[in-house]
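Novice: Pasting in a structure now, in structure tokens, and then I'll have a few things to ask.
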2 protein chains.
Amino acid sequence: MNVRTLCLAILYFGDATGYEIKKLSMEGKYSHFVDASFGSIYPALNRLESAELVTCREEIQPGKPARKVYSITEAGKQEFLKALSEPPKEDVFRSEFLLIAICAEIVGPEHISRALDIRMDQLRKDIEHFRTMLDGQIQGATKWTIKYGLTCFEASLAYLENERHELEQIAASATREAAE
Amino acid sequence: MNVRTLCLAILYFGDATGYEIKKLSMEGKYSHFVDASFGSIYPALNRLESAELVTCREEIQPGKPARKVYSITEAGKQEFLKALSEPPKEDVFRSEFLLIAICAEIVGPEHISRALDIRMDQLRKDIEHFRTMLDGQIQGATKWTIKYGLTCFEASLAYLENERHELEQIAASATREAAE
DNA sequence: ACCCTTCTATATCAAATCGATATATGCCGG
DNA sequence: CCGGCATATATCGATTTGATATAGAAGGGT
């Protein structure tokens with residue numbers, strides 16, 4: 001999924017500035033399955049404007065930097081629906097934590113415990129964020145999608161809570177053997 | 001996690017060619033949490049060789065293209081252990097499927113059903129792959145890591161199996177309302 | 001009063017990475 | 001005997017990341 005489609009998706013449901021698109025993709029209902037940096041959003045919006053899939057109006061505020069508010073055009077909506085109707089590409093999952101975990105035999109138990117702590121804290125924070133969103137006025141497909149994320153993250157955290165000691169033992173045993 | 005660290009990780013546990021690194025990262029025990037293209041692996045190996053973190057020997061076979069087999073050096077091992085000991089960055093999850101799901105109200109029920117079918121097929125294939133790997137001679141941290149992936153993917157599939165009809169109903173209702 | 005951090009908001013740029021393409025041979029099944 | 005697949009290299013334009021720069025408002029702490 002490219003940044004172009006992400007911008008169209010967010011603009012489909014309402015006007016936004018580049019900054020707001022970034023914020024929505026990091027904190028909003030899209031946050032657990034998309035991401036994009038400023039360095040890709042601003043060029044993407046310029047390309048979309050050139051292709052007339054979005055329009056831009058500048059809101060000039062005295063003393064403040066101008067807000068560039070983007071709106072999707074009819075052609076942009078068509079383009080977005082076309083992109084959505086294509087079969088989805090495989091989900092992508094990248095985990096530095098699991099690279100550390102799979103190397104438990106060589107990194108030492110303290111590092112494993114710290115990596116587990118960090119990852120579990122992240123998961124708890126994300127789960128709390130999901131719960132907060134569900135307490136709001138979320139409905140329909142958005143609610144379904146957030147509950148999906150919540151379910152996956154809870155399963156992940158449960159595994160770590162139940163099985164972390166096993167990985168820590170593997171790391172400890174390997175360290176002991178190396179010392180012999 | 002950059003391709004550089006991925007190459008060092010794979011070479012830490014044994015010599016490999018660029019092609020084999022790609023294959024391991026797609027089909028092996030790393031497959032569910034890393035990925036890299038040839039376009040990033042070959043330049044990364046060249047950079048690692050320049051930095052003397054790996055060495056390369058060419059195995060020339062008459063009539064066949066030469067195999068470039070890379071080995072990690074002592075400095076490379078130190079560098080890899082150093083990279084592992086840094087706190088892990090947040091896991092990354094990107095899903096085109098969930099972008100379609102969150103747009104259930106606007107894409108139409110057939111597209112939703114098809115996207116669900118595709119995603120569930122992928123998950124079943126991945127789960128089967130995990131099971132096959134666990135039937136082999138997998139042990140220790142690798143087994144723990146694969147079981148983690150299996151648990152997460154099973155939870156994901158279970159949610160889709162139990163709740164897909166709800167999303168399909170949301171899509172169907174929205175289409176009916178739009179027709180009025 | 002002053003400083004420091006955070007938030008809003010823009011944008012650029014080198015470096016890394018993706019995804020497609022090119023090339024060449026061996027091997028297996030139809 | 002042909003087509004497709006696996007092995008194996010490599011390049012290249014386009015995209016994306018991650019860091020950095022700029023700048024005013026707003027708020028908290030000392």
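Naming works like this for the structure tokens: A, B, ... for the chains as they're shown, residue 1 at the start of each chain, ligands 1 onward in shown order.
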Hey, which bits of chain A sit within 10 Å of chain C, and for each residue what's the closest pair of atoms and how far apart in Å (one decimal), counting only C-alpha atoms (C1' of nucleotides), rows by chain and increasing number, as a tab-separated table?

Specialist:
residue	atom	partner	partner_atom	distance
A:Thr17	CA	C:DA9	C1'	8.7
A:Gly18	CA	C:DA9	C1'	8.5
A:Tyr19	CA	C:DA9	C1'	6.5
A:Glu20	CA	C:DA9	C1'	9.4
A:Phe38	CA	C:DA11	C1'	8.8
A:Gly39	CA	C:DT12	C1'	8.2
A:Tyr42	CA	C:DA11	C1'	8.0
A:Pro43	CA	C:DA11	C1'	9.7
A:Lys64	CA	C:DA9	C1'	8.7
A:Pro65	CA	C:DA9	C1'	6.4
A:Ala66	CA	C:DA9	C1'	7.6
A:Arg67	CA	C:DA9	C1'	6.8
A:Lys68	CA	C:DT10	C1'	8.9

Novice: When DSSP works through the backbone of this structure, what residues of region 11-175 of chain B end up as helix (DSSP H, G or I), shown as a ChimeraX atom specification?

Specialist: /B:11-12,18-27,38-50,74-85,96-102,104-107,109-135,140-175

Novice: Next, the residues of the selection above should be written as a tab-separated table (two decimals), in the first residue's frame with C-alpha atoms.

Specialist:
chain	number	residue	atom	x	y	z
B	11	LEU	CA	25.61	-15.07	7.96
B	12	TYR	CA	26.21	-15.37	11.72
B	18	GLY	CA	22.83	-13.33	-1.74
B	19	TYR	CA	20.24	-15.58	-3.30
B	20	GLU	CA	20.19	-17.87	-0.26
B	21	ILE	CA	19.79	-14.88	2.09
B	22	LYS	CA	16.75	-13.82	0.11
B	23	LYS	CA	15.35	-17.37	0.18
B	24	LEU	CA	15.90	-17.75	3.93
B	25	SER	CA	14.23	-14.42	4.61
B	26	MET	CA	11.22	-15.49	2.55
B	27	GLU	CA	10.83	-19.18	3.38
B	38	PHE	CA	17.55	-8.40	-4.21
B	39	GLY	CA	17.86	-4.71	-4.91
B	40	SER	CA	18.76	-4.12	-1.27
B	41	ILE	CA	20.59	-7.38	-0.43
B	42	TYR	CA	23.32	-7.22	-3.11
B	43	PRO	CA	24.30	-3.59	-2.38
B	44	ALA	CA	24.21	-4.35	1.36
B	45	LEU	CA	26.60	-7.30	0.91
B	46	ASN	CA	28.97	-5.12	-1.12
B	47	ARG	CA	28.94	-2.47	1.61
B	48	LEU	CA	29.53	-5.11	4.30
B	49	GLU	CA	32.47	-6.47	2.31
B	50	SER	CA	33.98	-2.98	1.97
B	74	GLU	CA	35.00	-11.63	13.68
B	75	ALA	CA	34.39	-7.88	13.35
B	76	GLY	CA	31.07	-8.67	11.66
B	77	LYS	CA	30.02	-10.89	14.58
B	78	GLN	CA	30.89	-8.11	17.05
B	79	GLU	CA	28.94	-5.60	14.98
B	80	PHE	CA	25.90	-7.91	14.86
B	81	LEU	CA	25.93	-8.56	18.62
B	82	LYS	CA	26.18	-4.80	19.17
B	83	ALA	CA	23.16	-4.20	16.89
B	84	LEU	CA	21.19	-6.90	18.75
B	85	SER	CA	21.95	-5.39	22.14
B	96	GLU	CA	-3.88	-3.48	2.71
B	97	PHE	CA	-6.61	-5.89	3.75
B	98	LEU	CA	-7.53	-3.74	6.77
B	99	LEU	CA	-7.68	-0.62	4.59
B	100	ILE	CA	-10.30	-2.41	2.49
B	101	ALA	CA	-12.06	-3.65	5.64
B	102	ILE	CA	-12.29	-0.19	7.20
B	104	ALA	CA	-16.56	-1.78	4.02
B	105	GLU	CA	-19.33	0.82	3.84
B	106	ILE	CA	-18.14	2.12	0.46
B	107	VAL	CA	-16.64	-0.81	-1.48
B	109	PRO	CA	-20.07	-6.68	-0.14
B	110	GLU	CA	-18.55	-8.77	-2.98
B	111	HIS	CA	-15.20	-6.99	-2.65
B	112	ILE	CA	-15.27	-7.43	1.13
B	113	SER	CA	-15.98	-11.14	0.80
B	114	ARG	CA	-13.22	-11.57	-1.74
B	115	ALA	CA	-10.70	-9.64	0.38
B	116	LEU	CA	-11.64	-11.81	3.39
B	117	ASP	CA	-11.22	-14.99	1.33
B	118	ILE	CA	-7.79	-13.90	0.08
B	119	ARG	CA	-6.56	-12.86	3.52
B	120	MET	CA	-7.83	-16.03	5.20
B	121	ASP	CA	-6.20	-18.20	2.53
B	122	GLN	CA	-2.89	-16.44	3.14
B	123	LEU	CA	-3.21	-16.99	6.88
B	124	ARG	CA	-4.05	-20.69	6.46
B	125	LYS	CA	-1.05	-21.11	4.16
B	126	ASP	CA	1.24	-19.34	6.66
B	127	ILE	CA	-0.12	-21.39	9.58
B	128	GLU	CA	0.45	-24.62	7.67
B	129	HIS	CA	3.99	-23.47	6.93
B	130	PHE	CA	4.60	-22.86	10.66
B	131	ARG	CA	3.24	-26.34	11.50
B	132	THR	CA	5.53	-27.94	8.89
B	133	MET	CA	8.52	-26.14	10.37
B	134	LEU	CA	7.60	-27.23	13.93
B	135	ASP	CA	7.41	-30.87	12.73
B	140	GLY	CA	15.15	-23.57	21.42
B	141	ALA	CA	14.68	-19.90	20.60
B	142	THR	CA	13.72	-20.66	17.00
B	143	LYS	CA	10.89	-22.93	18.15
B	144	TRP	CA	9.73	-20.28	20.63
B	145	THR	CA	9.70	-17.65	17.88
B	146	ILE	CA	7.79	-19.83	15.42
B	147	LYS	CA	5.22	-20.71	18.11
B	148	TYR	CA	4.80	-16.98	18.73
B	149	GLY	CA	4.05	-16.42	15.05
B	150	LEU	CA	1.70	-19.41	14.98
B	151	THR	CA	-0.23	-18.10	18.01
B	152	CYS	CA	-0.65	-14.62	16.53
B	153	PHE	CA	-1.71	-15.90	13.11
B	154	GLU	CA	-4.19	-18.37	14.62
B	155	ALA	CA	-5.77	-15.58	16.69
B	156	SER	CA	-6.01	-13.46	13.56
B	157	LEU	CA	-7.64	-16.26	11.55
B	158	ALA	CA	-10.04	-17.10	14.39
B	159	TYR	CA	-11.26	-13.49	14.51
B	160	LEU	CA	-11.83	-13.48	10.76
B	161	GLU	CA	-13.67	-16.82	10.90
B	162	ASN	CA	-15.92	-15.74	13.75
B	163	GLU	CA	-16.53	-12.12	12.76
B	164	ARG	CA	-16.40	-12.04	8.97
B	165	HIS	CA	-20.16	-12.24	8.64
B	166	GLU	CA	-20.50	-9.10	10.74
B	167	LEU	CA	-18.28	-7.12	8.36
B	168	GLU	CA	-20.12	-8.59	5.37
B	169	GLN	CA	-23.42	-7.45	6.91
B	170	ILE	CA	-22.05	-3.94	7.45
B	171	ALA	CA	-21.06	-3.81	3.77
B	172	ALA	CA	-24.44	-5.18	2.65
B	173	SER	CA	-26.43	-2.72	4.79
B	174	ALA	CA	-24.45	0.25	3.51
B	175	THR	CA	-25.03	-0.82	-0.10

Novice: Enumerate as a list in words the residues belonging to chain D that approach chain A to within 12 Å, with only C-alpha atoms (C1' of nucleotides) taken into account.

Specialist: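 Here they are: DA14, DT15, DT16, DT17, DG18, DA19, DT20, DT22, DA23, DG24 and DA25 of chain D.
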
Novice: One decimal, in Å: what's the spacing between CA of Cys103 (chain B) and CA of Ser95 (chain A)?

Specialist: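 The value is 27.1 Å.
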
Novice: Of the residues B:Arg4, B:Arg176, B:Arg57, B:Lys29, which is the one nearest to chain A, using only C-alpha atoms?

Specialist: B:Lys29

Novice: I'd like to know which of B:Thr73, B:Gln61, B:Thr55, B:Ser31 is closest to chain A, using only C-alpha atoms.

Specialist: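 Of the candidates, the smallest distance to chain A is held by B:Ser31.
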
Novice: Which one is closest to chain A: B:Leu8, B:Val92, B:Ala179, B:Cys56? Count only C-alpha atoms.

Specialist: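 Among the listed residues, B:Val92 lies closest to chain A.
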